[in-house]
>>> print(open('coords33.cif').read())   # mmCIF, C-alpha atoms and all ligand atoms
data_data
loop_
_atom_site.label_atom_id
_atom_site.label_comp_id
_atom_site.auth_asym_id
_atom_site.auth_seq_id
_atom_site.Cartn_x
_atom_site.Cartn_y
_atom_site.Cartn_z
CA MET A 1 0.00 0.00 0.00
CA SER A 2 1.53 3.35 -0.97
CA TYR A 3 1.83 6.09 1.59
CA LYS A 4 -0.38 8.46 -0.45
CA PHE A 5 -3.20 5.94 -0.66
CA PHE A 6 -2.75 5.21 3.00
CA LEU A 7 -3.00 8.89 3.95
CA ASN A 8 -6.22 9.23 1.96
CA GLN A 9 -7.61 6.21 3.73
CA LEU A 10 -6.71 7.67 7.08
CA MET A 11 -8.30 11.00 6.25
CA ASN A 12 -11.53 9.42 5.06
CA SER A 13 -11.89 6.66 7.57
CA GLU A 14 -14.18 7.02 10.53
CA LEU A 15 -11.96 8.24 13.28
CA ASN A 16 -12.10 5.73 16.07
CA ARG A 17 -8.64 5.98 17.55
CA ARG A 18 -7.58 5.84 21.14
CA ASP A 19 -5.62 8.98 21.88
CA PHE A 20 -7.10 12.10 23.43
CA LEU A 21 -6.27 15.73 22.99
CA LYS A 22 -6.23 17.99 26.02
CA GLN A 23 -7.11 21.17 24.10
CA GLY A 24 -7.33 22.49 20.55
CA SER A 25 -10.12 23.76 18.36
CA LEU A 26 -11.34 22.03 15.23
CA THR A 27 -10.04 24.78 12.96
CA ALA A 28 -6.64 24.66 14.59
CA LEU A 29 -6.65 20.88 14.15
CA ALA A 30 -7.61 21.17 10.49
CA THR A 31 -4.78 23.65 9.91
CA THR A 32 -2.25 21.38 11.55
CA ILE A 33 -3.43 18.33 9.66
CA GLY A 34 -3.57 20.33 6.44
CA SER A 35 -7.12 19.27 5.52
CA GLN A 36 -10.59 19.54 6.96
CA ILE A 37 -11.75 16.62 9.09
CA VAL A 38 -14.61 15.20 7.05
CA PHE A 39 -16.52 13.48 9.85
CA ALA A 40 -15.60 16.03 12.51
CA LYS A 41 -19.18 15.98 13.80
CA HIS A 42 -18.71 12.35 14.84
CA MET A 43 -15.36 13.01 16.47
CA PRO A 44 -15.48 12.56 20.26
CA VAL A 45 -14.80 15.70 22.28
CA GLY A 46 -11.15 15.90 23.19
CA TYR A 47 -10.25 13.27 20.63
CA ARG A 48 -6.67 13.40 19.26
CA PRO A 49 -6.59 12.59 15.53
CA LEU A 50 -3.99 10.01 14.64
CA LEU A 51 -2.31 12.19 12.06
CA LEU A 52 -1.48 14.75 14.71
CA ASP A 53 0.73 12.20 16.42
CA GLU A 54 2.34 11.13 13.23
CA LYS A 55 2.55 14.42 11.35
CA ASP A 56 6.18 15.18 12.06
CA ALA A 57 7.39 11.84 10.90
CA LEU A 58 4.98 10.49 8.34
CA LYS A 59 4.08 13.83 6.81
CA GLY A 60 7.79 14.25 6.26
CA LYS A 61 8.03 10.93 4.39
CA ASP A 62 8.06 10.56 0.64
CA ILE A 63 4.59 9.73 -0.66
CA GLU A 64 5.92 6.65 -2.43
CA MET A 65 6.89 5.00 0.87
CA ILE A 66 5.23 1.62 1.43
CA VAL A 67 3.21 1.29 4.62
CA GLN A 68 3.54 -2.22 6.09
CA GLY A 69 1.41 -1.38 9.11
CA ASP A 70 0.42 1.42 11.45
CA LYS A 71 0.11 -0.41 14.81
CA PRO A 72 3.05 -0.24 15.23
CA TRP A 73 4.30 1.91 12.36
CA ASN A 74 6.35 0.02 9.80
CA VAL A 75 7.14 1.84 6.60
CA GLU A 76 9.41 0.65 3.79
CA SER A 77 11.42 2.52 1.14
CA PRO A 78 10.92 1.50 -2.49
CA VAL A 79 14.45 0.64 -3.64
CA HIS A 80 14.71 3.46 -6.22
CA LEU A 81 14.17 5.99 -3.41
CA LEU A 82 17.43 4.82 -1.82
CA ASP A 83 19.51 6.44 -4.57
CA ASP A 84 21.05 9.16 -2.35
CA ARG A 85 24.52 8.64 -0.93
CA ILE A 86 23.26 9.74 2.47
CA THR A 87 19.67 8.59 2.97
CA PRO A 88 17.44 11.61 3.71
CA VAL A 89 14.79 11.25 6.43
CA GLU A 90 11.84 11.26 4.02
CA LYS A 91 13.20 8.11 2.33
CA MET A 92 14.17 6.17 5.46
CA PHE A 93 12.24 3.06 6.43
CA ILE A 94 10.65 2.97 9.88
CA ARG A 95 10.49 -0.11 12.07
CA ASN A 96 8.72 0.27 15.39
CA ASN A 97 7.96 -2.61 17.73
CA GLY A 98 5.87 -0.49 20.09
CA LEU A 99 4.39 2.99 20.30
CA ILE A 100 6.58 6.06 20.07
CA PRO A 101 6.98 7.82 23.45
CA GLU A 102 4.09 10.16 24.18
CA LYS A 103 6.04 12.73 26.15
CA ILE A 104 9.58 13.64 25.25
CA ASP A 105 11.17 16.29 27.45
CA VAL A 106 14.67 16.96 26.21
CA SER A 107 15.53 19.14 29.22
CA THR A 108 15.09 16.21 31.61
CA TRP A 109 16.17 13.36 29.30
CA THR A 110 18.86 11.15 30.82
CA LEU A 111 20.91 8.10 29.93
CA THR A 112 21.67 5.66 32.74
CA ILE A 113 24.47 3.11 32.55
CA ASP A 114 23.75 0.20 34.90
CA GLY A 115 23.84 -3.61 35.02
CA GLU A 116 25.81 -6.32 36.85
CA SER A 117 29.05 -5.40 35.13
CA VAL A 118 29.15 -1.66 35.73
CA LYS A 119 31.24 -0.54 38.72
CA ALA A 120 28.51 1.88 39.88
CA PRO A 121 25.43 3.01 37.96
CA LYS A 122 25.87 6.46 36.44
CA THR A 123 23.36 8.84 34.87
CA TYR A 124 24.13 11.46 32.22
CA SER A 125 21.98 14.34 31.01
CA LEU A 126 21.97 15.17 27.30
CA ALA A 127 24.01 18.25 28.17
CA ASP A 128 26.63 16.07 29.96
CA LEU A 129 26.98 13.89 26.89
CA LYS A 130 27.32 16.86 24.53
CA LYS A 131 29.74 18.79 26.76
CA ASN A 132 32.04 16.20 28.30
CA PHE A 133 32.90 13.79 25.50
CA LYS A 134 34.48 14.01 22.07
CA GLN A 135 31.93 13.96 19.24
CA TYR A 136 32.11 11.83 16.13
CA THR A 137 30.12 11.59 12.90
CA TYR A 138 29.81 8.36 10.91
CA GLN A 139 27.62 7.19 8.08
CA LEU A 140 26.26 3.79 9.13
CA VAL A 141 24.20 1.11 7.39
CA LEU A 142 21.19 0.09 9.45
CA GLU A 143 19.35 -2.81 7.85
CA CYS A 144 16.44 -4.62 9.47
CA GLY A 145 17.34 -8.29 10.11
CA GLY A 146 14.09 -9.17 8.33
CA ASN A 147 14.79 -7.07 5.22
CA GLY A 148 13.89 -9.24 2.21
CA ARG A 149 11.61 -11.50 4.29
CA SER A 150 8.86 -11.47 1.63
CA GLY A 151 11.14 -13.60 -0.57
CA TYR A 152 10.78 -16.66 1.66
CA GLN A 153 8.35 -19.48 0.93
CA PRO A 154 6.50 -20.61 2.97
CA GLN A 155 5.93 -17.13 4.31
CA ALA A 156 7.75 -16.38 7.55
CA SER A 157 5.76 -14.33 10.06
CA GLY A 158 6.64 -10.66 10.51
CA ASN A 159 6.68 -7.63 8.23
CA GLN A 160 6.78 -8.76 4.62
CA TRP A 161 9.64 -6.43 3.72
CA GLY A 162 10.83 -6.21 0.14
CA GLN A 163 14.44 -5.02 -0.03
CA GLY A 164 13.85 -1.48 1.25
CA ALA A 165 14.27 -1.86 5.03
CA VAL A 166 17.76 -0.38 4.92
CA HIS A 167 19.26 3.10 5.15
CA CYS A 168 22.63 4.74 5.48
CA ALA A 169 22.29 8.06 7.27
CA GLN A 170 24.93 10.16 8.98
CA TRP A 171 24.89 9.97 12.77
CA THR A 172 26.58 12.33 15.23
CA GLY A 173 27.18 11.71 18.90
CA VAL A 174 29.67 10.23 21.34
CA ARG A 175 31.33 6.84 21.32
CA LEU A 176 29.61 4.30 23.55
CA LYS A 177 33.06 3.10 24.63
CA ASP A 178 33.92 6.56 25.98
CA ILE A 179 30.77 6.53 28.10
CA LEU A 180 31.29 2.95 29.30
CA ASN A 181 34.91 3.71 30.20
CA ASP A 182 33.78 6.84 32.05
CA ALA A 183 31.15 4.87 33.98
CA GLY A 184 33.66 2.08 34.66
CA ILE A 185 32.96 -1.49 33.61
CA LYS A 186 34.04 -4.71 35.30
CA ASN A 187 36.20 -7.41 33.72
CA ASP A 188 33.28 -9.83 33.56
CA ALA A 189 31.27 -7.65 31.14
CA VAL A 190 30.20 -9.74 28.12
CA TYR A 191 27.19 -7.94 26.62
CA ILE A 192 25.25 -4.69 26.65
CA GLY A 193 21.48 -4.23 26.39
CA TYR A 194 19.61 -1.03 25.63
CA HIS A 195 16.45 0.46 27.09
CA GLY A 196 14.22 2.88 25.21
CA LYS A 197 11.27 5.04 26.19
CA ASP A 198 8.78 3.66 23.66
CA LEU A 199 5.65 1.95 24.97
CA HIS A 200 4.74 -1.71 24.70
CA LEU A 201 1.73 -2.25 22.40
CA SER A 202 -0.26 -3.35 25.46
CA ARG A 203 0.57 0.04 27.06
CA ASP A 204 1.77 -1.89 30.12
CA PRO A 205 4.57 0.37 31.45
CA LYS A 206 6.34 -2.64 32.97
CA LYS A 207 6.85 -4.23 29.56
CA GLU A 208 9.47 -3.12 27.05
CA PRO A 209 8.63 -3.49 23.33
CA ILE A 210 12.25 -4.31 22.54
CA SER A 211 15.52 -4.33 24.49
CA ARG A 212 18.34 -5.88 22.53
CA GLY A 213 22.11 -5.65 22.61
CA VAL A 214 25.50 -6.74 21.36
CA PRO A 215 28.61 -8.42 22.77
CA ILE A 216 30.93 -6.01 24.60
CA ALA A 217 33.52 -6.09 21.78
CA LYS A 218 30.99 -4.69 19.26
CA ALA A 219 29.80 -2.15 21.85
CA MET A 220 33.39 -0.91 22.26
CA GLU A 221 34.05 -0.37 18.53
CA ASP A 222 34.92 3.18 17.42
CA GLU A 223 31.81 3.49 15.24
CA THR A 224 29.31 2.46 17.94
CA LEU A 225 27.63 5.75 18.82
CA ILE A 226 25.19 7.26 21.22
CA ALA A 227 23.80 9.82 18.80
CA TRP A 228 21.57 12.88 19.04
CA GLN A 229 21.90 14.03 15.44
CA MET A 230 20.99 12.45 12.14
CA ASN A 231 22.08 14.07 8.87
CA GLY A 232 23.15 17.18 10.78
CA LYS A 233 19.85 17.78 12.57
CA ASP A 234 18.09 16.53 15.71
CA ILE A 235 17.16 12.87 15.20
CA PRO A 236 13.57 12.80 13.83
CA GLU A 237 10.90 11.62 16.26
CA PHE A 238 10.28 8.32 14.47
CA HIS A 239 13.97 7.47 14.36
CA GLY A 240 14.63 7.86 18.07
CA TYR A 241 14.54 11.53 19.15
CA PRO A 242 16.32 12.74 21.22
CA LEU A 243 18.91 9.97 21.74
CA ARG A 244 19.74 6.73 19.97
CA LEU A 245 22.21 3.91 20.10
CA VAL A 246 23.59 3.42 16.56
CA ILE A 247 25.47 0.24 15.66
CA GLY A 248 26.26 -0.21 11.98
CA GLY A 249 26.55 -3.52 10.13
CA TRP A 250 24.42 -5.60 12.53
CA PRO A 251 20.63 -6.08 12.43
CA ALA A 252 19.19 -2.58 12.97
CA SER A 253 17.21 -4.00 15.90
CA VAL A 254 20.35 -3.50 18.04
CA SER A 255 20.27 0.26 17.40
CA GLY A 256 17.94 1.27 20.23
CA LYS A 257 15.77 4.34 19.64
CA TRP A 258 14.56 6.81 22.32
CA LEU A 259 17.51 5.62 24.38
CA THR A 260 17.30 6.00 28.18
CA GLY A 261 19.63 3.28 29.39
CA ILE A 262 22.38 0.80 28.67
CA SER A 263 22.83 -2.21 30.94
CA VAL A 264 26.29 -3.76 31.01
CA ARG A 265 25.69 -7.45 31.46
CA ASN A 266 27.79 -10.36 32.72
CA LYS A 267 25.80 -12.69 30.45
CA VAL A 268 24.05 -12.46 27.08
CA HIS A 269 21.41 -9.73 27.45
CA ASP A 270 17.95 -11.20 28.02
CA GLY A 271 15.65 -8.27 27.16
CA ALA A 272 12.57 -8.30 24.93
CA LYS A 273 13.23 -9.66 21.41
CA MET A 274 16.33 -11.53 22.59
CA GLU A 275 14.18 -14.58 23.34
CA GLY A 276 12.63 -17.33 21.18
CA HIS A 277 13.92 -17.23 17.63
CA SER A 278 13.87 -13.41 17.43
CA TYR A 279 16.85 -12.24 15.34
CA LYS A 280 18.31 -15.74 15.39
CA MET A 281 19.25 -18.22 12.67
CA PRO A 282 19.14 -22.02 12.92
CA LYS A 283 22.64 -23.39 13.60
CA ASN A 284 22.03 -26.07 10.99
CA PRO A 285 20.02 -25.52 7.79
CA VAL A 286 16.35 -26.54 8.07
CA ALA A 287 13.92 -27.60 5.36
CA PRO A 288 11.47 -24.81 4.41
CA GLY A 289 8.54 -24.68 6.84
CA THR A 290 10.25 -26.77 9.53
CA ASP A 291 9.54 -25.91 13.14
CA ILE A 292 12.49 -26.45 15.48
CA PRO A 293 12.67 -25.73 19.23
CA ALA A 294 13.56 -22.06 19.86
CA THR A 295 16.47 -22.84 22.16
CA ASP A 296 20.18 -21.97 22.13
CA GLU A 297 20.91 -25.55 21.14
CA TYR A 298 19.32 -24.95 17.74
CA TYR A 299 19.71 -21.21 17.17
CA LYS A 300 22.41 -18.56 17.18
CA ILE A 301 21.94 -14.79 17.49
CA ILE A 302 22.45 -12.87 14.22
CA GLU A 303 25.54 -10.68 14.36
CA SER A 304 27.19 -9.15 11.26
CA MET A 305 24.74 -8.85 8.34
CA PRO A 306 25.55 -10.60 5.03
CA VAL A 307 26.88 -8.95 1.84
CA LYS A 308 24.20 -7.20 -0.22
CA SER A 309 23.70 -4.69 -3.02
CA LEU A 310 20.90 -2.64 -4.56
CA ILE A 311 20.29 -1.05 -7.96
CA THR A 312 18.92 2.38 -7.06
CA TYR A 313 18.94 3.83 -10.60
CA PRO A 314 17.04 3.27 -12.83
CA LYS A 315 13.74 2.31 -11.24
CA SER A 316 12.55 -1.17 -12.14
CA GLY A 317 10.22 -0.99 -15.14
CA ALA A 318 12.08 1.91 -16.80
CA THR A 319 12.07 2.27 -20.60
CA ILE A 320 15.50 2.96 -22.10
CA GLY A 321 15.84 4.68 -25.47
CA SER A 322 16.98 2.44 -28.31
CA GLY A 323 20.78 2.54 -28.77
CA THR A 324 21.37 4.45 -25.49
CA ASP A 325 24.01 3.39 -23.00
CA LEU A 326 22.40 2.98 -19.60
CA ALA A 327 24.19 4.49 -16.62
CA LEU A 328 23.38 2.16 -13.77
CA ARG A 329 24.17 2.74 -10.08
CA GLY A 330 23.53 1.67 -6.51
CA HIS A 331 25.11 0.78 -3.19
CA ALA A 332 26.63 -2.34 -1.64
CA TRP A 333 27.49 -3.24 1.96
CA ALA A 334 28.67 -6.27 3.91
CA GLY A 335 27.99 -6.02 7.66
CA ASP A 336 31.27 -5.72 9.56
CA HIS A 337 33.23 -6.35 6.35
CA SER A 338 33.78 -4.34 3.19
CA VAL A 339 32.65 -5.00 -0.35
CA LYS A 340 35.41 -6.05 -2.73
CA LYS A 341 33.52 -6.46 -6.00
CA VAL A 342 30.17 -5.62 -7.57
CA GLU A 343 29.07 -7.19 -10.85
CA VAL A 344 25.97 -6.89 -13.02
CA SER A 345 24.40 -9.28 -15.51
CA ILE A 346 21.83 -8.62 -18.24
CA ASP A 347 21.62 -12.26 -19.35
CA PHE A 348 20.19 -13.98 -16.26
CA GLY A 349 23.61 -14.56 -14.75
CA ALA A 350 25.30 -16.24 -17.75
CA THR A 351 27.92 -13.46 -17.95
CA TRP A 352 28.84 -10.73 -15.46
CA LYS A 353 30.40 -7.31 -15.87
CA GLU A 354 32.49 -5.82 -13.06
CA CYS A 355 31.38 -2.34 -11.93
CA LYS A 356 33.30 0.65 -10.61
CA LEU A 357 33.23 0.48 -6.84
CA GLU A 358 34.05 3.28 -4.40
CA ALA A 359 35.59 2.90 -0.95
CA PRO A 360 33.19 3.59 1.96
CA VAL A 361 33.36 7.10 3.51
CA ASN A 362 34.07 5.31 6.78
CA ARG A 363 33.97 1.74 8.08
CA LEU A 364 30.38 0.34 8.16
CA ALA A 365 29.05 2.81 5.56
CA TRP A 366 27.70 1.51 2.28
CA GLN A 367 29.81 1.72 -0.88
CA HIS A 368 28.63 3.22 -4.16
CA TRP A 369 28.99 1.40 -7.44
CA ASN A 370 28.19 2.36 -11.03
CA THR A 371 28.61 1.08 -14.55
CA GLU A 372 27.40 1.61 -18.12
CA ILE A 373 25.44 -0.99 -19.99
CA LYS A 374 25.08 -1.47 -23.74
CA PHE A 375 22.13 -3.56 -24.84
CA PRO A 376 22.72 -5.69 -27.96
CA VAL A 377 19.17 -5.37 -29.36
CA ASN A 378 15.84 -3.80 -28.32
CA GLY A 379 13.66 -5.81 -25.99
CA TYR A 380 13.02 -6.85 -22.40
CA TYR A 381 15.96 -7.29 -20.03
CA GLU A 382 16.52 -8.05 -16.39
CA ILE A 383 19.50 -6.49 -14.71
CA TRP A 384 20.92 -8.44 -11.81
CA VAL A 385 23.49 -7.14 -9.34
CA LYS A 386 25.83 -9.25 -7.22
CA ALA A 387 28.31 -8.09 -4.56
CA THR A 388 31.23 -10.04 -3.07
CA ASP A 389 32.78 -9.10 0.28
CA ASN A 390 36.47 -9.01 1.21
CA LYS A 391 36.17 -12.50 2.74
CA GLY A 392 35.05 -13.95 -0.61
CA ASN A 393 31.35 -14.30 0.27
CA ALA A 394 29.07 -13.46 -2.66
CA GLN A 395 25.32 -12.88 -2.76
CA PRO A 396 23.35 -15.96 -3.80
CA MET A 397 21.40 -15.65 -7.06
CA LEU A 398 18.48 -17.54 -5.52
CA ILE A 399 16.80 -17.01 -2.15
CA PRO A 400 19.20 -18.26 0.56
CA ALA A 401 18.40 -20.78 3.30
CA TRP A 402 14.83 -20.57 4.53
CA ASN A 403 14.62 -19.91 8.26
CA PRO A 404 11.66 -19.60 10.65
CA GLY A 405 12.19 -15.87 11.33
CA GLY A 406 12.62 -15.02 7.65
CA TYR A 407 15.94 -13.26 8.24
CA LEU A 408 19.00 -12.49 6.07
CA ASN A 409 17.58 -12.78 2.56
CA ASN A 410 20.50 -11.33 0.60
CA ALA A 411 19.61 -12.79 -2.81
CA CYS A 412 20.79 -10.73 -5.80
CA GLU A 413 18.51 -7.81 -6.49
CA ARG A 414 17.06 -7.63 -9.99
CA ILE A 415 15.24 -4.97 -11.96
CA ALA A 416 13.38 -5.11 -15.28
CA VAL A 417 13.96 -2.65 -18.13
CA LYS A 418 12.57 -2.32 -21.64
CA VAL A 419 14.90 -1.10 -24.35
CA GLY A 420 13.39 0.71 -27.37
N1 LIG B 501 13.39 1.62 21.22
C1 LIG B 501 13.30 0.98 20.05
N2 LIG B 501 14.40 0.84 19.29
C2 LIG B 501 14.33 0.19 18.10
C3 LIG B 501 13.11 -0.38 17.64
C4 LIG B 501 11.96 -0.22 18.46
O1 LIG B 501 10.85 -0.66 18.13
N3 LIG B 501 12.10 0.47 19.65
N4 LIG B 501 13.08 -1.10 16.46
C5 LIG B 501 14.37 -1.67 16.05
C6 LIG B 501 14.33 -2.29 14.73
S1 LIG B 501 13.73 -3.88 14.65
C7 LIG B 501 14.85 -1.68 13.63
S2 LIG B 501 14.92 -2.46 12.13
C8 LIG B 501 15.37 -0.28 13.71
C9 LIG B 501 14.65 0.61 12.71
O2 LIG B 501 15.20 1.90 12.73
P1 LIG B 501 14.45 3.10 11.96
O3 LIG B 501 13.00 3.05 12.33
O4 LIG B 501 15.14 4.34 12.40
O5 LIG B 501 14.64 2.85 10.49
O6 LIG B 501 15.22 0.29 15.01
C10 LIG B 501 15.46 -0.61 16.07
N5 LIG B 501 15.44 0.09 17.34
MO MO B 502 14.26 -4.71 12.51
#
>>> encode(input="coords33.cif", output="structure tokens", more="lines below")
Ligand SMILES: Nc1nc2c(c(=O)[nH]1)N[C@H]1C(S)=C(S)[C@@H](COP(=O)(O)O)O[C@H]1N2
Ligand SMILES: [Mo]
Amino acid sequence: MSYKFFLNQLMNSELNRRDFLKQGSLTALATTIGSQIVFAKHMPVGYRPLLLDEKDALKGKDIEMIVQGDKPWNVESPVHLLDDRITPVEKMFIRNNGLIPEKIDVSTWTLTIDGESVKAPKTYSLADLKKNFKQYTYQLVLECGGNGRSGYQPQASGNQWGQGAVHCAQWTGVRLKDILNDAGIKNDAVYIGYHGKDLHLSRDPKKEPISRGVPIAKAMEDETLIAWQMNGKDIPEFHGYPLRLVIGGWPASVSGKWLTGISVRNKVHDGAKMEGHSYKMPKNPVAPGTDIPATDEYYKIIESMPVKSLITYPKSGATIGSGTDLALRGHAWAGDHSVKKVEVSIDFGATWKECKLEAPVNRLAWQHWNTEIKFPVNGYYEIWVKATDNKGNAQPMLIPAWNPGGYLNNACERIAVKVG
């Protein structure tokens, strides 16, 4: 469902949502929403229209964005919208497991470092973080572990993402390792887990929608940030305002939004979405559709994401003028590793052409590739792209191993073009 269609649906639907507005006149509401409320006479007194909550984020999104769901919000980028080197906010996918925090007060926002393996819990205000530590800016790939899930048969449960649950924005903040060293961590620290201020879907304040983490070594990497800026501005509300943990190259679920705490653990973190088969892969391949016990004996936690590439120009379905050379481009990335080679094929993988590939602007950023294609005759073509990382791992041409969570589908992306 496209975002534009979705907006229209929202505007026309009978408003029967749950949130309530303390004050505000109908005209003021209509101005804010940018349209009159058609069934305003049926709207309960004090009712808070949904779009008011979402206006800053969703109104700022490109109208071509694909809405996977609104409770919680999950919005995907069509691949051709990911053409920018630095993904702008209006083209960034959104993945929420709960409800975005209702009250955000930046002046009282704090980050608490606690857990078994911290010497003594310590709390920082936003001002402390900004004033007392060196600031860094990195461009980091955040890709949902379930990106590409819709390619799996039988269907795995969860958002049926195409290939657009990925972005590479520029994040500014302090290094997590500087904060952890300042707080003081014990020798037995093995993992960290984050805590965010978003609400569980049940609205039970005792439950967290998600609280994931990474081994201490990944937490202590230079590029692991506690960020308050994205693309040079305050982090947008939907992407974690005012503070976010940002860890490139691993499933984006470890990059905790609306960050209020980090627990330093002496065991693997056991927060929400660390249990069952969430963000885990079977240790041994399983036949499609097989149910295996969701225990550590059978599953391992996903760490570095696999090598992948996208064609971001042209858009699939484009018509190319007869006799024209096509300038083709996109990005490639490989989790903790770098991409060594990108190739394209216009003959269903029979022959491949190596593309020009740029170095990343920094470790864990995506790399840009481009090439020119000559088509032998007019007609229908598919263009396939395949990246290989510096360890020699290449993308599979077919859908990789089926798994119950529908994770890590890094099959070659393909687009269709018509020449002439
Ligand atoms: N607090 C919090 N952090 C979160 C989530 C969430 O629901 N709550 N979703 C995670 C998941 S599963 C993904 S894929 C990314 C999505 O980041 P984005 O919405 O900024 O694209 O945020 C991660 N961090
Ligand atoms: Mo995710």
>>> residues_near_ligand(input="coords33.cif", ligand="ligand LIG 501 (chain B)", cutoff="7 Å", atoms="all atoms listed in the file", output="PyMOL selection string")
chain A and resi 92-98+143-145+195-198+209-210+238-240+251-259
>>> closest_atom_pairs(input="coords33.cif", of="region 231-321 of chain A", to="region 355-374 of chain A", cutoff="12 Å", atoms="all atoms listed in the file", output="CSV")
residue,atom,partner,partner_atom,distance
A:Val246,CA,A:Leu364,CA,11.2
A:Ile247,CA,A:Leu364,CA,9.0
A:Gly248,CA,A:Leu364,CA,5.6
A:Gly249,CA,A:Leu364,CA,5.8
A:Trp250,CA,A:Leu364,CA,9.5
A:Ser304,CA,A:Leu364,CA,10.5
A:Met305,CA,A:Leu364,CA,10.8
A:Val307,CA,A:Trp366,CA,10.5
A:Lys308,CA,A:Trp366,CA,9.7
A:Ser309,CA,A:Trp366,CA,9.1
A:Leu310,CA,A:Trp369,CA,9.5
A:Ile311,CA,A:Trp369,CA,9.1
A:Thr312,CA,A:Asn370,CA,10.1
A:Tyr313,CA,A:Asn370,CA,9.4
A:Pro314,CA,A:Asn370,CA,11.3
A:Ile320,CA,A:Lys374,CA,10.7
A:Gly321,CA,A:Lys374,CA,11.2
>>> atom_distance(input="coords33.cif", atom1="CA of Leu201 (chain A)", atom2="CA of Asn74 (chain A)")
13.6 Å
>>> residues_around(input="coords33.cif", residues="region 286-288 of chain A", least_positions_apart="4", cutoff="12 Å", atoms="all atoms listed in the file", output="number ranges by chain")
A: 152-156, 281-282, 292-293, 298-299, 399-406
>>> write_last_selection(input="coords33.cif", atoms="C-alpha atoms", output="PDB file, in the coordinates of the input")
ATOM      1  CA  TYR A 152      10.780 -16.660   1.660  1.00  0.00           C
ATOM      2  CA  GLN A 153       8.350 -19.480   0.930  1.00  0.00           C
ATOM      3  CA  PRO A 154       6.500 -20.610   2.970  1.00  0.00           C
ATOM      4  CA  GLN A 155       5.930 -17.130   4.310  1.00  0.00           C
ATOM      5  CA  ALA A 156       7.750 -16.380   7.550  1.00  0.00           C
ATOM      6  CA  MET A 281      19.250 -18.220  12.670  1.00  0.00           C
ATOM      7  CA  PRO A 282      19.140 -22.020  12.920  1.00  0.00           C
ATOM      8  CA  ILE A 292      12.490 -26.450  15.480  1.00  0.00           C
ATOM      9  CA  PRO A 293      12.670 -25.730  19.230  1.00  0.00           C
ATOM     10  CA  TYR A 298      19.320 -24.950  17.740  1.00  0.00           C
ATOM     11  CA  TYR A 299      19.710 -21.210  17.170  1.00  0.00           C
ATOM     12  CA  ILE A 399      16.800 -17.010  -2.150  1.00  0.00           C
ATOM     13  CA  PRO A 400      19.200 -18.260   0.560  1.00  0.00           C
ATOM     14  CA  ALA A 401      18.400 -20.780   3.300  1.00  0.00           C
ATOM     15  CA  TRP A 402      14.830 -20.570   4.530  1.00  0.00           C
ATOM     16  CA  ASN A 403      14.620 -19.910   8.260  1.00  0.00           C
ATOM     17  CA  PRO A 404      11.660 -19.600  10.650  1.00  0.00           C
ATOM     18  CA  GLY A 405      12.190 -15.870  11.330  1.00  0.00           C
ATOM     19  CA  GLY A 406      12.620 -15.020   7.650  1.00  0.00           C
TER      20      GLY A 406
END
>>> atom_distance(input="coords33.cif", atom1="CA of Gly146 (chain A)", atom2="CA of Asp291 (chain A)")
18.0 Å
>>> residues_near_point(input="coords33.cif", point="(12.2, -12.8, 3.4)", cutoff="7 Å", atoms="only C-alpha atoms", output="list in words")
Gly146, Asn147, Gly148, Arg149, Ser150, Gly151, Tyr152, Gln160, Trp161, Gly406, Tyr407 and Asn409 of chain A
>>> write_last_selection(input="coords33.cif", atoms="C-alpha atoms", output="short mmCIF file (atom, residue, chain, number, x, y, z; two decimals), in the coordinates of the input")
data_model
loop_
_atom_site.label_atom_id
_atom_site.label_comp_id
_atom_site.auth_asym_id
_atom_site.auth_seq_id
_atom_site.Cartn_x
_atom_site.Cartn_y
_atom_site.Cartn_z
CA GLY A 146 14.09 -9.17 8.33
CA ASN A 147 14.79 -7.07 5.22
CA GLY A 148 13.89 -9.24 2.21
CA ARG A 149 11.61 -11.50 4.29
CA SER A 150 8.86 -11.47 1.63
CA GLY A 151 11.14 -13.60 -0.57
CA TYR A 152 10.78 -16.66 1.66
CA GLN A 160 6.78 -8.76 4.62
CA TRP A 161 9.64 -6.43 3.72
CA GLY A 406 12.62 -15.02 7.65
CA TYR A 407 15.94 -13.26 8.24
CA ASN A 409 17.58 -12.78 2.56
#
>>> residues_around(input="coords33.cif", residues="Pro306 (chain A)", least_positions_apart="2", cutoff="9 Å", atoms="all atoms listed in the file", output="PyMOL selection string")
chain A and resi 249+304+308+333-337+389+393-395+408-410
